[in-house]
Amino acid sequence: MESEISAIQSFFENSNNGITCLFLEGVVREMDIGIHEHEIGSMQDIRFDVHVWLEGTEAPTSDTIESVLDYEYLHAAIERTTKGDRTGLLETMASRLLDEVLCPPEAVAASVRLTKLNVKGFDGKFGCSMSRIKKDYPL
């Protein structure tokens with residue numbers, strides 16, 4: 001995920017206002033996900049890592065949660081995305097999660113990474129990462 005983070009931060013490097021990154025990493029959910037026959041009906045551990053960028057680096061107007069975007073919304077976005085109908089592809093879930101994470105008006109870009117931690121029959125981990133900049137963000 002470091003390459004995605006670096007790319008997005010570089011993109012905003014020239015911003016006069018700076019850029020702030022909020023993140024939530026290492027959230028693991030046991031899910032029925034996958035398109036292969038051996039995956040359907042089998043639970044797999046999926047790790048979620050989410051980063052969201054906000055324009056500006058100024059100090060909050062007060063030292064209270066009401067003065068900032070409450071980054072607990074990232075956890076709520078994961079919860080909403082993982083509930084409901086079964087998803088076959090990590091790419092589908094990643095795109096839905098990006099939609100959720102980019103909802104607040106303050107969010108200008110986001111990056112998500114979903115990783116299957118215990119892939120049957122393979123060494124290593126499979127995963128998908130996606131990054132998106134809001135279409136209405138002035139470049």
# chains A, B, ... in the order shown; residues from 1 in each chain; ligands from 1
call {"tool": "residues_around", "arguments": {"residues": "Glu72 in chain A", "least_positions_apart": "3", "cutoff": "12 Å", "atoms": "only C-alpha atoms", "output": "list in words"}}
result
Leu22, Phe23, Leu24, Glu25, Val50, Val52, Ile65, Val68, Leu69, His75, Ala76, Ala77, Ile78, Glu79 and Val101 of chain A
call {"tool": "residues_around", "arguments": {"residues": "Asp85 in chain A", "least_positions_apart": "6", "cutoff": "12 Å", "atoms": "only C-alpha atoms", "output": "list in words"}}
result
Met31, Asp32, Ile33, Thr92 and Met93 of chain A
call {"tool": "select_by_dssp", "arguments": {"residues": "chain A", "states": "alpha helix (DSSP H)", "output": "ChimeraX atom specification"}}
result
/A:2-11,73-82,90-101
call {"tool": "write_last_selection", "arguments": {"atoms": "N, CA and C atoms", "output": "compact mmCIF listing (two decimals), in the first residue's frame"}}
result
# COMPACT_ATOMS: atom_id res chain seq x y z
N GLU A 2 2.12 1.11 0.35
CA GLU A 2 3.01 2.26 0.39
C GLU A 2 3.09 2.96 -0.96
N SER A 3 3.10 2.21 -2.07
CA SER A 3 3.20 2.86 -3.38
C SER A 3 1.96 3.69 -3.68
N GLU A 4 0.77 3.21 -3.31
CA GLU A 4 -0.46 3.97 -3.52
C GLU A 4 -0.45 5.24 -2.67
N ILE A 5 -0.03 5.09 -1.42
CA ILE A 5 0.02 6.24 -0.52
C ILE A 5 0.98 7.28 -1.05
N SER A 6 2.16 6.84 -1.46
CA SER A 6 3.16 7.77 -2.00
C SER A 6 2.65 8.47 -3.25
N ALA A 7 1.98 7.74 -4.13
CA ALA A 7 1.47 8.33 -5.37
C ALA A 7 0.43 9.41 -5.08
N ILE A 8 -0.48 9.13 -4.18
CA ILE A 8 -1.53 10.12 -3.88
C ILE A 8 -0.91 11.32 -3.17
N GLN A 9 -0.03 11.09 -2.22
CA GLN A 9 0.59 12.22 -1.52
C GLN A 9 1.41 13.06 -2.48
N SER A 10 2.10 12.43 -3.43
CA SER A 10 2.85 13.18 -4.44
C SER A 10 1.92 14.03 -5.30
N PHE A 11 0.76 13.48 -5.61
CA PHE A 11 -0.22 14.19 -6.43
C PHE A 11 -0.61 15.51 -5.76
N TYR A 73 -15.44 6.93 11.22
CA TYR A 73 -16.32 6.66 10.08
C TYR A 73 -15.69 5.63 9.14
N LEU A 74 -14.36 5.52 9.15
CA LEU A 74 -13.69 4.51 8.32
C LEU A 74 -14.09 3.11 8.76
N HIS A 75 -14.18 2.90 10.07
CA HIS A 75 -14.62 1.61 10.59
C HIS A 75 -16.07 1.33 10.21
N ALA A 76 -16.90 2.36 10.34
CA ALA A 76 -18.32 2.22 9.97
C ALA A 76 -18.46 1.90 8.48
N ALA A 77 -17.60 2.50 7.64
CA ALA A 77 -17.64 2.22 6.19
C ALA A 77 -17.31 0.76 5.92
N ILE A 78 -16.33 0.21 6.62
CA ILE A 78 -16.01 -1.21 6.47
C ILE A 78 -17.19 -2.06 6.90
N GLU A 79 -17.79 -1.72 8.01
CA GLU A 79 -18.94 -2.50 8.51
C GLU A 79 -20.09 -2.49 7.51
N ARG A 80 -20.40 -1.32 6.95
CA ARG A 80 -21.50 -1.25 5.97
C ARG A 80 -21.16 -2.04 4.70
N THR A 81 -19.93 -1.97 4.28
CA THR A 81 -19.51 -2.64 3.04
C THR A 81 -19.51 -4.16 3.18
N THR A 82 -19.21 -4.65 4.36
CA THR A 82 -19.10 -6.11 4.55
C THR A 82 -20.42 -6.76 4.93
N LEU A 90 -12.97 -9.34 -4.72
CA LEU A 90 -12.40 -8.31 -3.87
C LEU A 90 -12.51 -6.95 -4.54
N GLU A 91 -12.39 -6.92 -5.88
CA GLU A 91 -12.48 -5.66 -6.62
C GLU A 91 -13.84 -4.99 -6.43
N THR A 92 -14.89 -5.78 -6.40
CA THR A 92 -16.24 -5.23 -6.17
C THR A 92 -16.32 -4.62 -4.78
N MET A 93 -15.82 -5.36 -3.79
CA MET A 93 -15.87 -4.86 -2.42
C MET A 93 -14.99 -3.63 -2.25
N ALA A 94 -13.82 -3.61 -2.86
CA ALA A 94 -12.92 -2.46 -2.76
C ALA A 94 -13.57 -1.21 -3.36
N SER A 95 -14.21 -1.36 -4.49
CA SER A 95 -14.88 -0.22 -5.13
C SER A 95 -16.02 0.30 -4.26
N ARG A 96 -16.79 -0.59 -3.69
CA ARG A 96 -17.89 -0.17 -2.79
C ARG A 96 -17.34 0.56 -1.56
N LEU A 97 -16.24 0.03 -1.03
CA LEU A 97 -15.63 0.67 0.14
C LEU A 97 -15.11 2.06 -0.21
N LEU A 98 -14.50 2.21 -1.38
CA LEU A 98 -14.06 3.54 -1.82
C LEU A 98 -15.23 4.50 -1.90
N ASP A 99 -16.36 4.05 -2.43
CA ASP A 99 -17.55 4.90 -2.49
C ASP A 99 -17.94 5.39 -1.10
N GLU A 100 -17.93 4.49 -0.13
CA GLU A 100 -18.29 4.83 1.26
C GLU A 100 -17.30 5.82 1.86
N VAL A 101 -16.02 5.54 1.69
CA VAL A 101 -14.97 6.34 2.31
C VAL A 101 -14.93 7.76 1.73
call {"tool": "residues_around", "arguments": {"residues": "range 120-134 of chain A", "least_positions_apart": "2", "cutoff": "6 Å", "atoms": "only C-alpha atoms", "output": "list of chain:residue names"}}
result
A:Val108, A:Ala109, A:Ala110, A:Ser111, A:Val112, A:Arg113, A:Leu114, A:Thr115, A:Lys116, A:Leu117, A:Asp136, A:Tyr137
call {"tool": "atom_distance", "arguments": {"atom1": "CA of Met43 in chain A", "atom2": "CA of Val27 in chain A"}}
result
15.8 Å
call {"tool": "atom_distance", "arguments": {"atom1": "CA of Glu106 in chain A", "atom2": "CA of Ala59 in chain A"}}
result
14.8 Å
call {"tool": "select_by_dssp", "arguments": {"residues": "chain A", "states": "strand (DSSP E or B)", "output": "short mmCIF file (atom, residue, chain, number, x, y, z; two decimals) with C-alpha atoms, in the first residue's frame"}}
result
data_model
loop_
_atom_site.label_atom_id
_atom_site.label_comp_id
_atom_site.auth_asym_id
_atom_site.auth_seq_id
_atom_site.Cartn_x
_atom_site.Cartn_y
_atom_site.Cartn_z
CA ILE A 19 -2.86 17.40 2.81
CA THR A 20 -3.93 15.35 5.82
CA CYS A 21 -4.22 11.55 5.75
CA LEU A 22 -6.51 9.64 8.07
CA PHE A 23 -6.21 5.87 8.10
CA LEU A 24 -7.43 2.62 9.58
CA GLU A 25 -5.25 -0.44 9.06
CA GLY A 26 -5.33 -4.07 10.03
CA VAL A 27 -9.08 -4.62 10.37
CA VAL A 28 -9.74 -8.33 9.79
CA ARG A 29 -13.16 -9.75 8.98
CA GLU A 30 -14.04 -13.40 8.40
CA MET A 31 -16.07 -13.47 5.21
CA ASP A 32 -17.60 -15.75 2.61
CA ILE A 33 -16.00 -14.19 -0.47
CA MET A 43 -15.01 -18.37 5.38
CA GLN A 44 -11.79 -16.46 4.68
CA ASP A 45 -9.98 -13.83 6.70
CA ILE A 46 -9.86 -10.52 4.82
CA ARG A 47 -7.66 -7.66 6.02
CA PHE A 48 -8.83 -4.09 5.34
CA ASP A 49 -6.47 -1.12 5.16
CA VAL A 50 -8.05 2.25 4.39
CA HIS A 51 -6.48 5.70 3.85
CA VAL A 52 -8.37 8.91 3.13
CA TRP A 53 -6.90 12.31 2.26
CA LEU A 54 -8.34 15.68 3.28
CA GLU A 55 -7.14 19.01 1.96
CA THR A 87 -19.58 -10.51 -2.76
CA ALA A 107 -12.55 13.60 1.69
CA VAL A 108 -10.71 14.34 -1.56
CA ALA A 109 -9.01 10.99 -2.20
CA ALA A 110 -8.86 7.50 -0.76
CA SER A 111 -7.01 4.25 -1.09
CA VAL A 112 -8.16 0.83 0.10
CA ARG A 113 -6.41 -2.52 0.21
CA LEU A 114 -8.17 -5.84 0.79
CA THR A 115 -6.02 -8.89 1.42
CA LYS A 116 -7.04 -12.55 1.63
CA PHE A 126 -3.88 -12.41 -2.62
CA GLY A 127 -5.39 -8.98 -2.61
CA CYS A 128 -6.66 -5.90 -4.37
CA SER A 129 -5.92 -2.25 -3.83
CA MET A 130 -7.72 0.71 -5.38
CA SER A 131 -7.21 4.44 -5.13
CA ARG A 132 -9.51 7.21 -6.26
CA ILE A 133 -9.52 11.00 -6.34
#
call {"tool": "closest_residue", "arguments": {"among": "A:Ser42, A:His36, A:Pro104, A:Asn17", "to": "Asp70 in chain A", "atoms": "only C-alpha atoms"}}
result
A:Pro104
call {"tool": "atom_distance", "arguments": {"atom1": "CA of Pro105 in chain A", "atom2": "CA of Lys135 in chain A"}}
result
12.2 Å
call {"tool": "decode", "arguments": {"residues": "chain A", "atoms": "C-alpha atoms", "output": "PDB file, in the first residue's frame"}}
result
ATOM      1  CA  MET A   1       0.000   0.000   0.000  1.00  0.00           C
ATOM      2  CA  GLU A   2       3.011   2.260   0.391  1.00  0.00           C
ATOM      3  CA  SER A   3       3.195   2.855  -3.375  1.00  0.00           C
ATOM      4  CA  GLU A   4      -0.459   3.972  -3.522  1.00  0.00           C
ATOM      5  CA  ILE A   5       0.017   6.239  -0.518  1.00  0.00           C
ATOM      6  CA  SER A   6       3.157   7.768  -1.999  1.00  0.00           C
ATOM      7  CA  ALA A   7       1.467   8.329  -5.367  1.00  0.00           C
ATOM      8  CA  ILE A   8      -1.525  10.121  -3.878  1.00  0.00           C
ATOM      9  CA  GLN A   9       0.592  12.216  -1.516  1.00  0.00           C
ATOM     10  CA  SER A  10       2.852  13.185  -4.440  1.00  0.00           C
ATOM     11  CA  PHE A  11      -0.216  14.187  -6.426  1.00  0.00           C
ATOM     12  CA  PHE A  12      -1.182  16.658  -3.706  1.00  0.00           C
ATOM     13  CA  GLU A  13       2.392  17.816  -2.998  1.00  0.00           C
ATOM     14  CA  ASN A  14       1.895  21.143  -4.710  1.00  0.00           C
ATOM     15  CA  SER A  15      -1.269  21.995  -2.790  1.00  0.00           C
ATOM     16  CA  ASN A  16      -0.911  25.327  -1.036  1.00  0.00           C
ATOM     17  CA  ASN A  17      -3.037  24.028   1.828  1.00  0.00           C
ATOM     18  CA  GLY A  18      -1.183  20.769   2.438  1.00  0.00           C
ATOM     19  CA  ILE A  19      -2.860  17.404   2.813  1.00  0.00           C
ATOM     20  CA  THR A  20      -3.930  15.345   5.825  1.00  0.00           C
ATOM     21  CA  CYS A  21      -4.218  11.554   5.752  1.00  0.00           C
ATOM     22  CA  LEU A  22      -6.510   9.641   8.069  1.00  0.00           C
ATOM     23  CA  PHE A  23      -6.215   5.871   8.104  1.00  0.00           C
ATOM     24  CA  LEU A  24      -7.428   2.619   9.584  1.00  0.00           C
ATOM     25  CA  GLU A  25      -5.247  -0.443   9.064  1.00  0.00           C
ATOM     26  CA  GLY A  26      -5.329  -4.071  10.029  1.00  0.00           C
ATOM     27  CA  VAL A  27      -9.077  -4.622  10.371  1.00  0.00           C
ATOM     28  CA  VAL A  28      -9.740  -8.332   9.794  1.00  0.00           C
ATOM     29  CA  ARG A  29     -13.161  -9.751   8.984  1.00  0.00           C
ATOM     30  CA  GLU A  30     -14.044 -13.399   8.403  1.00  0.00           C
ATOM     31  CA  MET A  31     -16.074 -13.467   5.214  1.00  0.00           C
ATOM     32  CA  ASP A  32     -17.598 -15.747   2.608  1.00  0.00           C
ATOM     33  CA  ILE A  33     -16.004 -14.189  -0.471  1.00  0.00           C
ATOM     34  CA  GLY A  34     -14.557 -15.527  -3.690  1.00  0.00           C
ATOM     35  CA  ILE A  35     -15.615 -16.831  -7.082  1.00  0.00           C
ATOM     36  CA  HIS A  36     -14.065 -20.281  -7.054  1.00  0.00           C
ATOM     37  CA  GLU A  37     -16.178 -23.292  -6.105  1.00  0.00           C
ATOM     38  CA  HIS A  38     -13.931 -24.119  -3.147  1.00  0.00           C
ATOM     39  CA  GLU A  39     -14.364 -20.538  -1.825  1.00  0.00           C
ATOM     40  CA  ILE A  40     -18.155 -20.385  -1.960  1.00  0.00           C
ATOM     41  CA  GLY A  41     -19.512 -21.144   1.482  1.00  0.00           C
ATOM     42  CA  SER A  42     -16.015 -21.113   3.026  1.00  0.00           C
ATOM     43  CA  MET A  43     -15.005 -18.366   5.383  1.00  0.00           C
ATOM     44  CA  GLN A  44     -11.789 -16.464   4.678  1.00  0.00           C
ATOM     45  CA  ASP A  45      -9.980 -13.834   6.696  1.00  0.00           C
ATOM     46  CA  ILE A  46      -9.855 -10.519   4.820  1.00  0.00           C
ATOM     47  CA  ARG A  47      -7.662  -7.662   6.020  1.00  0.00           C
ATOM     48  CA  PHE A  48      -8.828  -4.094   5.339  1.00  0.00           C
ATOM     49  CA  ASP A  49      -6.467  -1.118   5.165  1.00  0.00           C
ATOM     50  CA  VAL A  50      -8.048   2.253   4.392  1.00  0.00           C
ATOM     51  CA  HIS A  51      -6.484   5.701   3.855  1.00  0.00           C
ATOM     52  CA  VAL A  52      -8.372   8.908   3.131  1.00  0.00           C
ATOM     53  CA  TRP A  53      -6.902  12.306   2.265  1.00  0.00           C
ATOM     54  CA  LEU A  54      -8.335  15.680   3.275  1.00  0.00           C
ATOM     55  CA  GLU A  55      -7.139  19.014   1.960  1.00  0.00           C
ATOM     56  CA  GLY A  56      -5.405  21.202   4.529  1.00  0.00           C
ATOM     57  CA  THR A  57      -3.215  20.784   7.560  1.00  0.00           C
ATOM     58  CA  GLU A  58      -4.466  23.598   9.759  1.00  0.00           C
ATOM     59  CA  ALA A  59      -5.105  22.954  13.430  1.00  0.00           C
ATOM     60  CA  PRO A  60      -8.693  22.174  14.471  1.00  0.00           C
ATOM     61  CA  THR A  61     -10.703  25.155  15.724  1.00  0.00           C
ATOM     62  CA  SER A  62     -10.992  23.357  19.087  1.00  0.00           C
ATOM     63  CA  ASP A  63      -9.563  20.182  20.584  1.00  0.00           C
ATOM     64  CA  THR A  64     -12.824  18.256  20.195  1.00  0.00           C
ATOM     65  CA  ILE A  65     -14.060  15.564  17.816  1.00  0.00           C
ATOM     66  CA  GLU A  66     -16.634  17.984  16.409  1.00  0.00           C
ATOM     67  CA  SER A  67     -13.795  20.056  14.908  1.00  0.00           C
ATOM     68  CA  VAL A  68     -12.496  17.263  12.667  1.00  0.00           C
ATOM     69  CA  LEU A  69     -13.722  14.451  10.471  1.00  0.00           C
ATOM     70  CA  ASP A  70     -14.228  11.643  12.989  1.00  0.00           C
ATOM     71  CA  TYR A  71     -12.040   8.923  11.503  1.00  0.00           C
ATOM     72  CA  GLU A  72     -14.164   6.257  13.186  1.00  0.00           C
ATOM     73  CA  TYR A  73     -16.316   6.659  10.077  1.00  0.00           C
ATOM     74  CA  LEU A  74     -13.691   4.511   8.320  1.00  0.00           C
ATOM     75  CA  HIS A  75     -14.618   1.606  10.593  1.00  0.00           C
ATOM     76  CA  ALA A  76     -18.317   2.217   9.966  1.00  0.00           C
ATOM     77  CA  ALA A  77     -17.637   2.220   6.191  1.00  0.00           C
ATOM     78  CA  ILE A  78     -16.006  -1.210   6.466  1.00  0.00           C
ATOM     79  CA  GLU A  79     -18.936  -2.500   8.508  1.00  0.00           C
ATOM     80  CA  ARG A  80     -21.495  -1.248   5.968  1.00  0.00           C
ATOM     81  CA  THR A  81     -19.506  -2.641   3.040  1.00  0.00           C
ATOM     82  CA  THR A  82     -19.099  -6.107   4.549  1.00  0.00           C
ATOM     83  CA  LYS A  83     -22.740  -6.531   5.536  1.00  0.00           C
ATOM     84  CA  GLY A  84     -25.478  -7.627   3.175  1.00  0.00           C
ATOM     85  CA  ASP A  85     -25.260  -9.689   0.028  1.00  0.00           C
ATOM     86  CA  ARG A  86     -22.317 -12.005  -0.588  1.00  0.00           C
ATOM     87  CA  THR A  87     -19.578 -10.513  -2.763  1.00  0.00           C
ATOM     88  CA  GLY A  88     -17.564 -12.638  -5.162  1.00  0.00           C
ATOM     89  CA  LEU A  89     -14.716 -10.307  -6.089  1.00  0.00           C
ATOM     90  CA  LEU A  90     -12.395  -8.308  -3.870  1.00  0.00           C
ATOM     91  CA  GLU A  91     -12.476  -5.661  -6.618  1.00  0.00           C
ATOM     92  CA  THR A  92     -16.235  -5.235  -6.173  1.00  0.00           C
ATOM     93  CA  MET A  93     -15.871  -4.856  -2.421  1.00  0.00           C
ATOM     94  CA  ALA A  94     -12.918  -2.457  -2.756  1.00  0.00           C
ATOM     95  CA  SER A  95     -14.881  -0.223  -5.132  1.00  0.00           C
ATOM     96  CA  ARG A  96     -17.885  -0.169  -2.792  1.00  0.00           C
ATOM     97  CA  LEU A  97     -15.628   0.670   0.139  1.00  0.00           C
ATOM     98  CA  LEU A  98     -14.057   3.536  -1.816  1.00  0.00           C
ATOM     99  CA  ASP A  99     -17.550   4.904  -2.493  1.00  0.00           C
ATOM    100  CA  GLU A 100     -18.293   4.835   1.259  1.00  0.00           C
ATOM    101  CA  VAL A 101     -14.970   6.342   2.311  1.00  0.00           C
ATOM    102  CA  LEU A 102     -15.268   9.228  -0.171  1.00  0.00           C
ATOM    103  CA  CYS A 103     -18.761  10.244   1.021  1.00  0.00           C
ATOM    104  CA  PRO A 104     -17.780  13.018   3.452  1.00  0.00           C
ATOM    105  CA  PRO A 105     -17.325  16.346   1.670  1.00  0.00           C
ATOM    106  CA  GLU A 106     -13.913  16.771   3.331  1.00  0.00           C
ATOM    107  CA  ALA A 107     -12.549  13.602   1.693  1.00  0.00           C
ATOM    108  CA  VAL A 108     -10.711  14.344  -1.565  1.00  0.00           C
ATOM    109  CA  ALA A 109      -9.009  10.993  -2.201  1.00  0.00           C
ATOM    110  CA  ALA A 110      -8.858   7.501  -0.763  1.00  0.00           C
ATOM    111  CA  SER A 111      -7.011   4.247  -1.088  1.00  0.00           C
ATOM    112  CA  VAL A 112      -8.161   0.831   0.102  1.00  0.00           C
ATOM    113  CA  ARG A 113      -6.407  -2.516   0.209  1.00  0.00           C
ATOM    114  CA  LEU A 114      -8.168  -5.836   0.788  1.00  0.00           C
ATOM    115  CA  THR A 115      -6.019  -8.891   1.423  1.00  0.00           C
ATOM    116  CA  LYS A 116      -7.036 -12.554   1.632  1.00  0.00           C
ATOM    117  CA  LEU A 117      -4.898 -13.775   4.508  1.00  0.00           C
ATOM    118  CA  ASN A 118      -5.402 -17.533   4.234  1.00  0.00           C
ATOM    119  CA  VAL A 119      -5.679 -18.516   0.584  1.00  0.00           C
ATOM    120  CA  LYS A 120      -6.193 -22.263   0.252  1.00  0.00           C
ATOM    121  CA  GLY A 121      -3.714 -24.032  -2.000  1.00  0.00           C
ATOM    122  CA  PHE A 122      -1.319 -21.084  -2.386  1.00  0.00           C
ATOM    123  CA  ASP A 123       1.630 -19.642  -0.537  1.00  0.00           C
ATOM    124  CA  GLY A 124       1.362 -15.972   0.214  1.00  0.00           C
ATOM    125  CA  LYS A 125      -1.610 -13.650   0.153  1.00  0.00           C
ATOM    126  CA  PHE A 126      -3.884 -12.410  -2.616  1.00  0.00           C
ATOM    127  CA  GLY A 127      -5.392  -8.981  -2.615  1.00  0.00           C
ATOM    128  CA  CYS A 128      -6.658  -5.904  -4.374  1.00  0.00           C
ATOM    129  CA  SER A 129      -5.922  -2.247  -3.834  1.00  0.00           C
ATOM    130  CA  MET A 130      -7.723   0.711  -5.383  1.00  0.00           C
ATOM    131  CA  SER A 131      -7.214   4.445  -5.131  1.00  0.00           C
ATOM    132  CA  ARG A 132      -9.506   7.205  -6.261  1.00  0.00           C
ATOM    133  CA  ILE A 133      -9.520  10.998  -6.336  1.00  0.00           C
ATOM    134  CA  LYS A 134     -12.945  12.652  -6.265  1.00  0.00           C
ATOM    135  CA  LYS A 135     -14.046  13.592  -9.751  1.00  0.00           C
ATOM    136  CA  ASP A 136     -15.113  17.047  -8.610  1.00  0.00           C
ATOM    137  CA  TYR A 137     -11.769  17.795  -6.959  1.00  0.00           C
ATOM    138  CA  PRO A 138     -10.112  20.739  -8.742  1.00  0.00           C
ATOM    139  CA  LEU A 139      -6.807  19.575 -10.157  1.00  0.00           C
TER     140      LEU A 139
END
